[in-house]
>>> print(open('protein-v9.tsv').read())   # TSV, C-alpha atoms
chain	number	residue	atom	x	y	z
V	1	MET	CA	211.97	250.69	216.02
V	2	VAL	CA	210.77	249.30	212.67
V	3	ASP	CA	209.85	251.98	210.08
V	4	ASP	CA	207.13	254.00	211.85
V	5	ARG	CA	206.55	251.37	214.53
V	6	VAL	CA	207.96	250.84	218.01
V	7	ILE	CA	207.80	247.25	219.26
V	8	LEU	CA	208.12	245.97	222.83
V	9	LYS	CA	208.15	242.26	223.64
V	10	ALA	CA	206.74	240.40	226.64
V	11	GLU	CA	210.15	239.10	227.68
V	12	ASP	CA	211.33	242.70	228.02
V	13	LEU	CA	208.50	243.34	230.48
V	14	ASP	CA	209.15	240.19	232.48
V	15	GLY	CA	212.73	241.30	232.96
V	16	TYR	CA	211.46	243.91	235.41
V	17	LEU	CA	209.88	241.31	237.71
V	18	THR	CA	211.79	240.22	240.80
V	19	ARG	CA	212.04	236.64	242.01
V	20	GLN	CA	209.50	237.45	244.74
V	21	ASP	CA	207.15	238.99	242.17
V	22	LYS	CA	207.21	235.77	240.17
V	23	LEU	CA	206.59	233.66	243.26
V	24	ASN	CA	203.62	235.84	244.21
V	25	LEU	CA	202.16	235.67	240.70
V	26	ASN	CA	202.58	231.89	240.60
V	27	ARG	CA	200.78	231.62	243.94
V	28	LEU	CA	197.80	233.59	242.59
V	29	GLU	CA	197.70	231.44	239.46
V	30	GLU	CA	197.52	228.31	241.59
V	31	MET	CA	194.75	229.84	243.72
V	32	TYR	CA	192.73	230.84	240.67
V	33	SER	CA	193.14	227.42	239.07
V	34	GLU	CA	191.75	225.94	242.27
V	35	THR	CA	188.84	228.42	242.13
V	36	MET	CA	187.92	227.45	238.57
V	37	ARG	CA	187.24	223.91	239.74
V	38	PHE	CA	184.06	225.28	241.35
V	39	PHE	CA	182.77	227.12	238.25
V	40	GLN	CA	181.30	223.99	236.60
V	41	PRO	CA	179.21	222.86	238.29
V	42	GLU	CA	178.79	226.16	240.13
V	43	ASN	CA	179.52	226.01	243.86
V	44	LYS	CA	178.83	229.54	245.15
V	45	GLU	CA	180.02	228.86	248.70
V	46	LYS	CA	183.40	227.59	247.50
V	47	ILE	CA	183.76	230.37	244.93
V	48	ILE	CA	183.12	233.05	247.58
V	49	SER	CA	185.61	231.41	249.94
V	50	GLN	CA	188.29	231.22	247.25
V	51	TYR	CA	187.83	234.85	246.19
V	52	ASP	CA	188.14	235.95	249.81
V	53	LYS	CA	191.46	234.13	250.05
V	54	MET	CA	192.74	235.64	246.80
V	55	GLY	CA	191.64	239.11	247.89
V	56	HIS	CA	193.59	238.85	251.13
V	57	ALA	CA	196.63	237.52	249.25
V	58	MET	CA	196.57	240.40	246.75
V	59	GLN	CA	196.17	242.93	249.55
V	60	GLU	CA	199.26	241.51	251.28
V	61	ILE	CA	201.24	241.66	248.03
V	62	CYS	CA	200.17	245.24	247.28
V	63	ALA	CA	201.19	246.34	250.78
V	64	ALA	CA	204.77	245.97	249.53
V	65	HIS	CA	203.99	248.03	246.40
V	66	PRO	CA	203.00	251.58	247.49
V	67	ASP	CA	202.74	252.65	243.85
V	68	ILE	CA	199.82	250.25	243.33
V	69	GLN	CA	196.73	251.93	244.79
V	70	VAL	CA	193.67	249.66	244.81
V	71	TYR	CA	190.40	251.34	245.74
V	72	SER	CA	189.16	248.66	248.13
V	73	PHE	CA	192.59	248.42	249.79
V	74	VAL	CA	193.12	252.12	250.53
V	75	THR	CA	189.66	253.64	251.07
V	76	GLU	CA	187.40	253.41	254.08
V	77	GLU	CA	185.30	250.27	254.32
V	78	GLY	CA	182.05	252.16	253.78
V	79	ALA	CA	183.13	252.97	250.20
V	80	HIS	CA	183.79	249.36	249.22
V	81	ALA	CA	180.17	248.47	248.53
V	82	GLU	CA	179.96	251.20	245.88
V	83	ALA	CA	183.03	249.85	244.13
V	84	SER	CA	181.70	246.30	244.29
V	85	ARG	CA	178.36	247.30	242.77
V	86	VAL	CA	179.97	249.32	239.96
V	87	ILE	CA	182.41	246.54	239.07
V	88	SER	CA	179.72	243.87	239.23
V	89	LYS	CA	177.61	245.83	236.73
V	90	LEU	CA	180.57	246.35	234.40
V	91	ARG	CA	181.44	242.65	234.51
V	92	ASP	CA	177.89	241.44	233.96
V	93	VAL	CA	177.31	239.92	230.53
V	94	ASN	CA	173.76	241.37	230.64
V	95	THR	CA	174.91	245.00	231.04
V	96	ASN	CA	174.06	246.84	227.82
V	97	HIS	CA	176.05	249.53	226.03
V	98	GLN	CA	174.38	252.56	227.63
V	99	GLU	CA	174.65	251.06	231.12
V	100	PHE	CA	178.29	250.20	230.49
V	101	MET	CA	179.04	253.83	229.61
V	102	TYR	CA	177.17	255.03	232.72
V	103	TYR	CA	179.02	252.72	235.11
V	104	SER	CA	182.35	253.50	233.42
V	105	GLN	CA	181.77	257.18	234.18
V	106	ARG	CA	180.99	256.36	237.80
V	107	ALA	CA	184.15	254.26	238.01
V	108	TYR	CA	186.38	257.07	236.78
V	109	GLU	CA	184.79	259.62	239.09
V	110	MET	CA	185.63	257.28	241.99
V	111	LEU	CA	189.19	256.83	240.75
V	112	PHE	CA	189.65	260.59	240.42
V	113	ARG	CA	188.43	261.10	243.96
V	114	MET	CA	190.81	258.45	245.28
V	115	ALA	CA	193.84	259.95	243.54
V	116	TYR	CA	193.21	263.66	243.97
V	117	THR	CA	190.65	264.67	246.58
V	118	ASP	CA	190.59	262.00	249.30
V	119	GLN	CA	194.04	263.00	250.57
V	120	HIS	CA	193.99	266.77	250.12
V	121	SER	CA	195.13	269.58	252.37
V	122	ASP	CA	192.81	271.83	254.37
V	123	LYS	CA	193.25	274.59	251.82
V	124	LYS	CA	189.98	275.29	249.98
V	125	ASN	CA	188.82	276.78	246.72
V	126	TYR	CA	185.47	278.49	246.33
V	127	ILE	CA	182.98	278.13	243.50
V	128	THR	CA	180.57	281.04	243.12
V	129	VAL	CA	177.64	280.36	240.81
V	130	LYS	CA	174.73	282.42	239.54
V	131	THR	CA	171.43	280.61	240.09
V	132	PRO	CA	168.18	280.90	238.07
V	133	VAL	CA	166.51	282.71	241.01
V	134	THR	CA	166.25	286.46	240.27
V	135	SER	CA	163.68	287.69	242.84
V	136	PRO	CA	164.14	289.97	244.68
V	137	VAL	CA	167.65	290.16	243.17
V	138	GLN	CA	169.94	287.87	241.21
V	139	ASN	CA	170.94	285.06	243.58
V	140	PHE	CA	174.39	283.54	243.97
V	141	ALA	CA	175.59	280.43	245.80
V	142	VAL	CA	179.02	279.59	247.18
V	143	HIS	CA	180.47	276.05	247.41
V	144	LYS	CA	183.81	274.91	248.79
V	145	ILE	CA	186.01	272.36	247.05
V	146	PRO	CA	189.55	271.17	247.84
V	147	ASN	CA	192.35	273.22	246.33
V	148	ILE	CA	194.15	270.69	244.12
V	149	ASP	CA	195.30	273.07	241.37
V	150	ALA	CA	198.95	272.13	241.95
V	151	LYS	CA	198.10	268.47	241.39
V	152	ILE	CA	196.06	268.82	238.22
V	153	GLU	CA	197.04	271.92	236.24
V	154	ASN	CA	200.26	270.42	234.85
V	155	SER	CA	198.46	267.39	233.41
V	156	VAL	CA	198.28	265.97	229.90
V	157	MET	CA	195.77	263.24	229.00
V	158	CYS	CA	197.46	260.44	227.07
V	159	VAL	CA	195.07	258.17	225.16
V	160	MET	CA	196.05	254.62	224.29
V	161	LEU	CA	193.67	252.40	222.32
V	162	ARG	CA	190.11	253.27	221.32
V	163	GLY	CA	188.66	252.00	224.58
V	164	ALA	CA	190.64	254.64	226.47
V	165	LEU	CA	189.13	257.62	224.64
V	166	LEU	CA	185.94	258.13	226.67
V	167	PRO	CA	187.62	257.39	230.06
V	168	SER	CA	190.28	259.97	229.16
V	169	MET	CA	187.60	262.53	228.38
V	170	ILE	CA	185.91	261.78	231.73
V	171	MET	CA	189.18	262.31	233.64
V	172	SER	CA	189.90	265.54	231.76
V	173	LYS	CA	186.39	266.80	232.57
V	174	GLU	CA	186.93	266.08	236.27
V	175	ILE	CA	190.18	268.06	236.15
V	176	GLU	CA	188.44	270.98	234.44
V	177	GLU	CA	185.70	271.05	237.07
V	178	TYR	CA	188.11	270.98	240.03
V	179	SER	CA	190.50	273.55	238.54
V	180	SER	CA	190.26	277.14	239.75
V	181	HIS	CA	191.14	278.26	236.24
V	182	ASN	CA	188.95	275.85	234.23
V	183	TYR	CA	192.08	274.08	233.06
V	184	VAL	CA	191.42	271.78	230.10
V	185	THR	CA	194.14	269.19	229.63
V	186	PRO	CA	196.00	268.89	226.35
V	187	PHE	CA	195.58	265.47	224.71
V	188	ALA	CA	198.14	263.10	223.22
V	189	LEU	CA	196.78	260.22	221.12
V	190	PHE	CA	198.80	257.04	220.61
V	191	LYS	CA	197.93	254.25	218.19
V	192	ILE	CA	199.12	251.10	219.91
V	193	ASN	CA	198.02	247.50	219.56
V	194	ARG	CA	198.84	244.11	220.94
V	195	ASP	CA	199.60	241.36	218.45
V	196	ASP	CA	196.71	239.07	219.37
V	197	THR	CA	198.08	236.23	217.25
V	198	LYS	CA	200.61	235.73	220.04
V	199	THR	CA	200.23	234.39	223.57
V	200	GLU	CA	200.85	236.13	226.90
V	201	SER	CA	204.38	234.73	227.07
V	202	ASN	CA	205.54	236.06	223.67
V	203	MET	CA	203.18	239.03	223.19
V	204	GLU	CA	204.35	242.05	221.20
V	205	TYR	CA	203.15	245.64	221.64
V	206	VAL	CA	203.25	247.79	218.50
V	207	LEU	CA	203.17	251.60	218.64
V	208	ASN	CA	202.19	253.05	215.23
V	209	LEU	CA	203.75	256.51	215.10
V	210	LYS	CA	202.26	257.36	211.71
V	211	ASN	CA	198.73	257.20	213.12
V	212	SER	CA	199.52	258.81	216.47
V	213	PHE	CA	199.00	262.50	217.30
V	214	PHE	CA	201.06	264.22	219.97
V	215	ASN	CA	203.43	267.10	220.64
V	216	LEU	CA	206.63	266.09	222.43
V	217	GLU	CA	207.11	269.60	223.83
V	218	GLU	CA	203.68	269.43	225.52
V	219	LEU	CA	204.68	266.17	227.24
V	220	ASP	CA	208.08	267.10	228.65
V	221	GLY	CA	208.02	267.85	232.37
V	222	LYS	CA	204.28	267.17	232.59
V	223	ASP	CA	202.12	264.97	234.78
V	224	LEU	CA	201.04	262.34	232.25
V	225	ILE	CA	197.67	260.69	232.85
V	226	PHE	CA	196.63	257.45	231.17
V	227	ALA	CA	193.06	256.23	231.65
V	228	ASP	CA	192.73	252.72	230.23
V	229	PRO	CA	189.74	250.68	231.45
V	230	MET	CA	191.80	247.47	231.54
V	231	ASN	CA	195.43	246.91	232.44
V	232	ALA	CA	196.19	243.33	231.55
V	233	THR	CA	199.95	243.17	230.97
V	234	GLY	CA	201.11	246.79	231.23
V	235	GLY	CA	202.83	246.46	227.86
V	236	SER	CA	201.07	249.30	226.04
V	237	LEU	CA	201.88	251.88	228.72
V	238	VAL	CA	205.51	250.82	229.01
V	239	THR	CA	205.90	250.92	225.22
V	240	VAL	CA	204.59	254.49	225.00
V	241	ILE	CA	206.65	255.80	227.93
V	242	ARG	CA	209.85	254.11	226.78
V	243	TYR	CA	209.41	255.70	223.34
V	244	LEU	CA	208.77	259.16	224.81
V	245	GLN	CA	211.85	258.84	227.01
V	246	SER	CA	213.92	257.88	223.96
V	247	GLN	CA	212.83	261.20	222.43
V	248	GLY	CA	214.04	263.17	225.43
V	249	VAL	CA	210.69	263.52	227.20
V	250	LYS	CA	211.04	263.46	230.99
V	251	PRO	CA	207.61	263.22	232.63
V	252	LYS	CA	207.22	264.82	236.04
V	253	SER	CA	204.93	261.94	237.00
V	254	ILE	CA	202.87	259.15	235.41
V	255	LYS	CA	199.42	258.17	236.66
V	256	PHE	CA	197.70	255.08	235.26
V	257	PHE	CA	193.96	254.80	235.97
V	258	ASN	CA	192.26	251.42	235.42
V	259	VAL	CA	188.81	250.14	236.20
V	260	ILE	CA	190.27	246.64	236.44
V	261	SER	CA	193.94	245.70	236.49
V	262	ALA	CA	195.61	242.34	236.57
V	263	LEU	CA	198.09	242.00	239.41
V	264	LYS	CA	200.85	241.17	236.92
V	265	GLY	CA	200.18	244.27	234.82
V	266	SER	CA	200.27	246.57	237.84
V	267	ILE	CA	203.52	245.10	239.15
V	268	ARG	CA	205.20	245.24	235.74
V	269	VAL	CA	204.27	248.90	235.20
V	270	THR	CA	205.42	250.11	238.60
V	271	ARG	CA	208.65	248.12	238.32
V	272	ALA	CA	209.40	249.34	234.80
V	273	LEU	CA	208.55	253.04	235.10
V	274	GLU	CA	209.97	255.56	237.53
V	275	ASN	CA	207.55	257.81	239.44
V	276	CYS	CA	204.52	255.91	238.14
V	277	THR	CA	201.44	255.18	240.24
V	278	CYS	CA	198.71	252.73	239.23
V	279	TYR	CA	195.23	253.54	240.50
V	280	THR	CA	192.74	250.73	240.01
V	281	LEU	CA	189.17	250.29	241.13
V	282	TRP	CA	189.53	246.53	241.22
V	283	LEU	CA	192.45	244.09	241.09
V	284	ASP	CA	192.05	240.74	239.34
V	285	PRO	CA	194.40	237.84	240.05
V	286	VAL	CA	195.56	236.34	236.76
V	287	LEU	CA	195.85	236.40	232.97
V	288	ASN	CA	194.95	233.56	230.64
V	289	VAL	CA	197.23	232.27	227.89
V	290	LYS	CA	195.93	234.96	225.48
V	291	ALA	CA	196.77	237.72	228.01
V	292	TYR	CA	193.13	238.46	228.86
V	293	ILE	CA	192.29	239.32	232.47
V	294	MET	CA	190.43	236.68	234.47
V	295	PRO	CA	187.70	236.96	235.59
V	296	GLY	CA	187.81	240.32	233.74
V	297	LEU	CA	184.88	241.93	231.94
V	298	GLY	CA	185.48	241.18	228.27
V	299	ASP	CA	186.67	243.71	225.70
V	300	ALA	CA	186.08	247.09	227.37
V	301	GLY	CA	186.70	248.95	224.11
V	302	ASP	CA	183.99	247.06	222.25
V	303	ARG	CA	181.57	247.40	225.16
V	304	LEU	CA	182.15	251.17	225.32
V	305	ASN	CA	182.37	251.93	221.60
V	306	GLY	CA	180.72	249.04	219.80
V	307	CYS	CA	182.61	246.68	217.48
V	308	ASP	CA	184.46	247.92	214.43
V	309	ASN	CA	184.40	246.38	210.99
V	310	TYR	CA	187.75	244.59	210.73
V	311	ASP	CA	188.40	245.87	207.19
V	312	SER	CA	187.46	249.50	207.90
V	313	PRO	CA	188.01	250.48	211.55
V	314	ARG	CA	186.82	253.93	212.59
V	315	ASN	CA	189.32	256.71	213.05
V	316	ILE	CA	189.26	258.93	216.13
V	317	ILE	CA	186.92	261.53	214.60
V	318	GLN	CA	184.43	258.89	213.45
V	319	LEU	CA	184.51	257.33	216.89
V	320	ILE	CA	183.73	260.66	218.56
V	321	ALA	CA	180.85	261.24	216.13
V	322	ASP	CA	179.40	257.85	217.07
V	323	TYR	CA	179.29	258.84	220.74
V	324	GLY	CA	176.35	261.06	219.84
V	325	SER	CA	175.09	264.46	220.90
V	326	ASN	CA	174.82	263.68	224.63
V	327	ILE	CA	178.53	262.94	224.94
V	328	SER	CA	179.48	265.74	222.53
V	329	GLY	CA	177.52	268.26	224.56
V	330	LEU	CA	178.89	267.11	227.89
V	331	TYR	CA	182.56	267.03	226.85
V	332	ARG	CA	182.72	270.00	224.46
V	333	SER	CA	186.00	271.39	225.82
V	334	GLN	CA	187.67	267.98	225.67
V	335	LEU	CA	186.45	267.31	222.13
V	336	PHE	CA	187.78	270.69	221.00
V	337	LYS	CA	191.23	269.84	222.39
V	338	ILE	CA	191.17	266.42	220.70
V	339	GLU	CA	190.16	267.96	217.36
V	340	GLN	CA	193.02	270.45	217.68
V	341	THR	CA	195.44	267.59	218.30
V	342	VAL	CA	194.24	265.47	215.38
V	343	LEU	CA	193.51	268.16	212.79
V	344	GLY	CA	196.24	270.62	213.73
V	345	LYS	CA	195.93	273.94	215.57
>>> encode(input="protein-v9.tsv", output="C-alpha cells")
Amino acid sequence: MVDDRVILKAEDLDGYLTRQDKLNLNRLEEMYSETMRFFQPENKEKIISQYDKMGHAMQEICAAHPDIQVYSFVTEEGAHAEASRVISKLRDVNTNHQEFMYYSQRAYEMLFRMAYTDQHSDKKNYITVKTPVTSPVQNFAVHKIPNIDAKIENSVMCVMLRGALLPSMIMSKEIEEYSSHNYVTPFALFKINRDDTKTESNMEYVLNLKNSFFNLEELDGKDLIFADPMNATGGSLVTVIRYLQSQGVKPKSIKFFNVISALKGSIRVTRALENCTCYTLWLDPVLNVKAYIMPGLGDAGDRLNGCDNYDSPRNIIQLIADYGSNISGLYRSQLFKIEQTVLGK
C-alpha cells in the first residue's frame, strides 16, 4: 500500500498460473496470430474456420475449470444464437450509444439467468399483481417464478470502474425483481485504474481508497457480485478482493459477471481467488501488448457512458445524472442505495 493506494502488479497475477495454464494460453496466442493473417486482405472462409478451432480449444480448456462458466459452453444450443447476436451488436463499430446500452442490458439479463435461474430447484415463488382491469371487480393475476431467495438475498453489488456502474445497477434490479422481499442490494464503489502507460507484462492496478465508498461490515460474509463488461487481465478484481481480505473481510462467495472475458483473465481470477466463479457471455482468446482484449469490443466504459474530459472526469453522481431520466426512473431503488453509499446515510 502506498498512501491511500493499493497496487497490484502483473507479475503477482501471473504467479497464480500453472505450467499447463501457460501452455494453453500460448497455444491460443499462436492460433490467433495465425487468424490475423486472414484479416488483411479479408478471407472470411479462413477466419470462420480459425474461430471455430479456437472456440473448440477454449471449450476444452474451460472443461478443466468449473469456476469459469461461459454461456455458449454451458447452455442449451438453442440459446447460443441469442448470445451471438447480442455480442455481435456490442462488438460492431457501427453500434451507437443507445443501442450499446440496450444490448448491454440484454447481456446482463442473460448472464443473470445463467447464474441464478437456469439451475434452480422445483420450489416456486408466486407473484400476485393488481391489474388495471376493475370490471366487474378489481382483477389480480398470479405468476410463478423460481425461489432463489437464498442465492440472492445475501448479495452486495461491488462496482469497479465507471463502465461497471450501469451493469451493476442492471444486476441489482434483476435481484430485486426475483426476490420475494424486494431485496435491494447494498453497493460498494471502488476507484481502481490500470496504469495504461505500461504493457500487459508489467501492468499495475491501482486502487484509490480515498475516492472509494464502501462499508467493510456490509461486505463481510456476503456474496459479492462484480459486474464488469470486460475482464481483460483480472487484475482489478484481484486487487479489490486482496485488499478486502487484508482488512479482515471474508466473502461467502464471489461472482464475476462479464459480457466478454479474455481466457487469461478468467483463469487468473479463478486461480487467485477462493470460491470465485466467473460468468461470461463470451470468451475471447488473447490480449494484445497493451492488455486489451482481442477481438474485443473497444472501451466498454466509453461506449456505455461517453468519453470524459481528461482534465475533469465526472464523479459518480455526475455520471448517474448523465444517464438521464429513463435510467433514473427505471433504477430508482438502486440509485437511492448508491446515493446513500456516496453521500452517507
>>> closest_atom_pairs(input="protein-v9.tsv", of="region 234-342 of chain V", to="region 144-164 of chain V", cutoff="12 Å", atoms="all atoms listed in the file", output="CSV")
residue,atom,partner,partner_atom,distance
V:Gly234,CA,V:Met160,CA,11.6
V:Gly235,CA,V:Met160,CA,11.2
V:Ser236,CA,V:Met160,CA,7.5
V:Leu237,CA,V:Met160,CA,7.8
V:Val238,CA,V:Met160,CA,11.2
V:Thr239,CA,V:Met160,CA,10.6
V:Val240,CA,V:Met160,CA,8.6
V:Ile241,CA,V:Cys158,CA,10.3
V:Leu244,CA,V:Cys158,CA,11.6
V:Pro251,CA,V:Ser155,CA,10.1
V:Lys252,CA,V:Asn154,CA,9.0
V:Ser253,CA,V:Ser155,CA,9.2
V:Ile254,CA,V:Ser155,CA,9.6
V:Lys255,CA,V:Ser155,CA,9.8
V:Phe256,CA,V:Cys158,CA,9.8
V:Phe257,CA,V:Ala164,CA,10.1
V:Asn258,CA,V:Ala164,CA,9.6
V:Val259,CA,V:Ala164,CA,10.9
V:Gly298,CA,V:Gly163,CA,11.9
V:Asp299,CA,V:Gly163,CA,8.6
V:Ala300,CA,V:Gly163,CA,6.2
V:Gly301,CA,V:Gly163,CA,3.7
V:Asp302,CA,V:Gly163,CA,7.2
V:Arg303,CA,V:Gly163,CA,8.5
V:Leu304,CA,V:Gly163,CA,6.6
V:Asn305,CA,V:Gly163,CA,7.0
V:Gly306,CA,V:Gly163,CA,9.7
V:Cys307,CA,V:Arg162,CA,10.7
V:Asp308,CA,V:Arg162,CA,10.4
V:Pro313,CA,V:Arg162,CA,10.4
V:Arg314,CA,V:Arg162,CA,9.4
V:Asn315,CA,V:Arg162,CA,9.0
V:Ile316,CA,V:Arg162,CA,7.7
V:Ile317,CA,V:Arg162,CA,11.1
V:Gln318,CA,V:Arg162,CA,11.2
V:Leu319,CA,V:Arg162,CA,8.2
V:Ile320,CA,V:Arg162,CA,10.1
V:Gln334,CA,V:Met157,CA,10.0
V:Lys337,CA,V:Met157,CA,10.4
V:Ile338,CA,V:Met157,CA,10.0
V:Thr341,CA,V:Cys158,CA,11.5
>>> residues_around(input="protein-v9.tsv", residues="Asn215 (chain V)", least_positions_apart="5", cutoff="10 Å", atoms="all atoms listed in the file", output="MDAnalysis selection string")
chainID V and resid 186:189 220 341
>>> closest_residue(input="protein-v9.tsv", among="V:Met230, V:Thr280, V:Arg194, V:Asp223", to="Phe73 (chain V)", atoms="all atoms listed in the file")
V:Thr280
>>> atom_distance(input="protein-v9.tsv", atom1="CA of Ser72 (chain V)", atom2="CA of Asn125 (chain V)")
28.2 Å
>>> residues_around(input="protein-v9.tsv", residues="Glu174 (chain V)", least_positions_apart="5", cutoff="10 Å", atoms="only C-alpha atoms", output="tab-separated table (two decimals) with C-alpha atoms, in the coordinates of the input")
chain	number	residue	atom	x	y	z
V	108	TYR	CA	186.38	257.07	236.78
V	109	GLU	CA	184.79	259.62	239.09
V	112	PHE	CA	189.65	260.59	240.42
V	113	ARG	CA	188.43	261.10	243.96
V	152	ILE	CA	196.06	268.82	238.22
V	168	SER	CA	190.28	259.97	229.16
V	169	MET	CA	187.60	262.53	228.38
V	179	SER	CA	190.50	273.55	238.54
V	184	VAL	CA	191.42	271.78	230.10
>>> closest_residue(input="protein-v9.tsv", among="V:Thr95, V:Thr277, V:Ser312, V:Asn24", to="Ala57 (chain V)", atoms="all atoms listed in the file")
V:Asn24
>>> residues_around(input="protein-v9.tsv", residues="Asp195 (chain V)", least_positions_apart="6", cutoff="9 Å", atoms="all atoms listed in the file", output="PyMOL selection string")
chain V and resi 203-206
>>> residues_near_point(input="protein-v9.tsv", point="(181.4, 245.9, 243.3)", cutoff="12 Å", atoms="only C-alpha atoms", output="number ranges by chain")
V: 71-72, 79-92, 103, 106-107, 259-260, 281-283
>>> write_last_selection(input="protein-v9.tsv", atoms="C-alpha atoms", output="PDB file, in the coordinates of the input")
ATOM      1  CA  TYR V  71     190.400 251.340 245.740  1.00  0.00           C
ATOM      2  CA  SER V  72     189.160 248.660 248.130  1.00  0.00           C
ATOM      3  CA  ALA V  79     183.130 252.970 250.200  1.00  0.00           C
ATOM      4  CA  HIS V  80     183.790 249.360 249.220  1.00  0.00           C
ATOM      5  CA  ALA V  81     180.170 248.470 248.530  1.00  0.00           C
ATOM      6  CA  GLU V  82     179.960 251.200 245.880  1.00  0.00           C
ATOM      7  CA  ALA V  83     183.030 249.850 244.130  1.00  0.00           C
ATOM      8  CA  SER V  84     181.700 246.300 244.290  1.00  0.00           C
ATOM      9  CA  ARG V  85     178.360 247.300 242.770  1.00  0.00           C
ATOM     10  CA  VAL V  86     179.970 249.320 239.960  1.00  0.00           C
ATOM     11  CA  ILE V  87     182.410 246.540 239.070  1.00  0.00           C
ATOM     12  CA  SER V  88     179.720 243.870 239.230  1.00  0.00           C
ATOM     13  CA  LYS V  89     177.610 245.830 236.730  1.00  0.00           C
ATOM     14  CA  LEU V  90     180.570 246.350 234.400  1.00  0.00           C
ATOM     15  CA  ARG V  91     181.440 242.650 234.510  1.00  0.00           C
ATOM     16  CA  ASP V  92     177.890 241.440 233.960  1.00  0.00           C
ATOM     17  CA  TYR V 103     179.020 252.720 235.110  1.00  0.00           C
ATOM     18  CA  ARG V 106     180.990 256.360 237.800  1.00  0.00           C
ATOM     19  CA  ALA V 107     184.150 254.260 238.010  1.00  0.00           C
ATOM     20  CA  VAL V 259     188.810 250.140 236.200  1.00  0.00           C
ATOM     21  CA  ILE V 260     190.270 246.640 236.440  1.00  0.00           C
ATOM     22  CA  LEU V 281     189.170 250.290 241.130  1.00  0.00           C
ATOM     23  CA  TRP V 282     189.530 246.530 241.220  1.00  0.00           C
ATOM     24  CA  LEU V 283     192.450 244.090 241.090  1.00  0.00           C
TER      25      LEU V 283
END
>>> build_atoms(input="protein-v9.tsv", residues="region 208-221 of chain V", atoms="N, CA and C atoms", output="PDB file, in the coordinates of the input")
ATOM      1  N   ASN V 208     202.207 252.529 216.603  1.00  0.00           N
ATOM      2  CA  ASN V 208     202.190 253.050 215.230  1.00  0.00           C
ATOM      3  C   ASN V 208     202.314 254.563 215.283  1.00  0.00           C
ATOM      4  N   LEU V 209     203.497 255.073 214.999  1.00  0.00           N
ATOM      5  CA  LEU V 209     203.750 256.510 215.100  1.00  0.00           C
ATOM      6  C   LEU V 209     203.046 257.291 213.998  1.00  0.00           C
ATOM      7  N   LYS V 210     202.883 256.676 212.836  1.00  0.00           N
ATOM      8  CA  LYS V 210     202.260 257.360 211.710  1.00  0.00           C
ATOM      9  C   LYS V 210     200.827 257.762 212.024  1.00  0.00           C
ATOM     10  N   ASN V 211     200.132 256.932 212.794  1.00  0.00           N
ATOM     11  CA  ASN V 211     198.730 257.200 213.120  1.00  0.00           C
ATOM     12  C   ASN V 211     198.540 257.679 214.552  1.00  0.00           C
ATOM     13  N   SER V 212     199.595 258.220 215.142  1.00  0.00           N
ATOM     14  CA  SER V 212     199.520 258.810 216.470  1.00  0.00           C
ATOM     15  C   SER V 212     199.604 260.331 216.350  1.00  0.00           C
ATOM     16  N   PHE V 213     199.058 261.040 217.347  1.00  0.00           N
ATOM     17  CA  PHE V 213     199.000 262.500 217.300  1.00  0.00           C
ATOM     18  C   PHE V 213     199.418 263.045 218.658  1.00  0.00           C
ATOM     19  N   PHE V 214     200.588 263.665 218.702  1.00  0.00           N
ATOM     20  CA  PHE V 214     201.060 264.220 219.970  1.00  0.00           C
ATOM     21  C   PHE V 214     202.159 265.241 219.699  1.00  0.00           C
ATOM     22  N   ASN V 215     202.385 266.083 220.700  1.00  0.00           N
ATOM     23  CA  ASN V 215     203.430 267.100 220.640  1.00  0.00           C
ATOM     24  C   ASN V 215     204.416 266.813 221.761  1.00  0.00           C
ATOM     25  N   LEU V 216     205.633 266.461 221.413  1.00  0.00           N
ATOM     26  CA  LEU V 216     206.630 266.090 222.430  1.00  0.00           C
ATOM     27  C   LEU V 216     206.874 267.220 223.423  1.00  0.00           C
ATOM     28  N   GLU V 217     206.848 268.463 222.940  1.00  0.00           N
ATOM     29  CA  GLU V 217     207.110 269.600 223.830  1.00  0.00           C
ATOM     30  C   GLU V 217     206.021 269.715 224.891  1.00  0.00           C
ATOM     31  N   GLU V 218     204.779 269.351 224.548  1.00  0.00           N
ATOM     32  CA  GLU V 218     203.680 269.430 225.520  1.00  0.00           C
ATOM     33  C   GLU V 218     203.739 268.316 226.553  1.00  0.00           C
ATOM     34  N   LEU V 219     204.585 267.312 226.339  1.00  0.00           N
ATOM     35  CA  LEU V 219     204.680 266.170 227.240  1.00  0.00           C
ATOM     36  C   LEU V 219     205.859 266.273 228.199  1.00  0.00           C
ATOM     37  N   ASP V 220     206.872 267.022 227.834  1.00  0.00           N
ATOM     38  CA  ASP V 220     208.080 267.100 228.650  1.00  0.00           C
ATOM     39  C   ASP V 220     207.811 267.845 229.949  1.00  0.00           C
ATOM     40  N   GLY V 221     208.181 267.229 231.064  1.00  0.00           N
ATOM     41  CA  GLY V 221     208.020 267.850 232.370  1.00  0.00           C
ATOM     42  C   GLY V 221     206.593 267.870 232.882  1.00  0.00           C
TER      43      GLY V 221
END
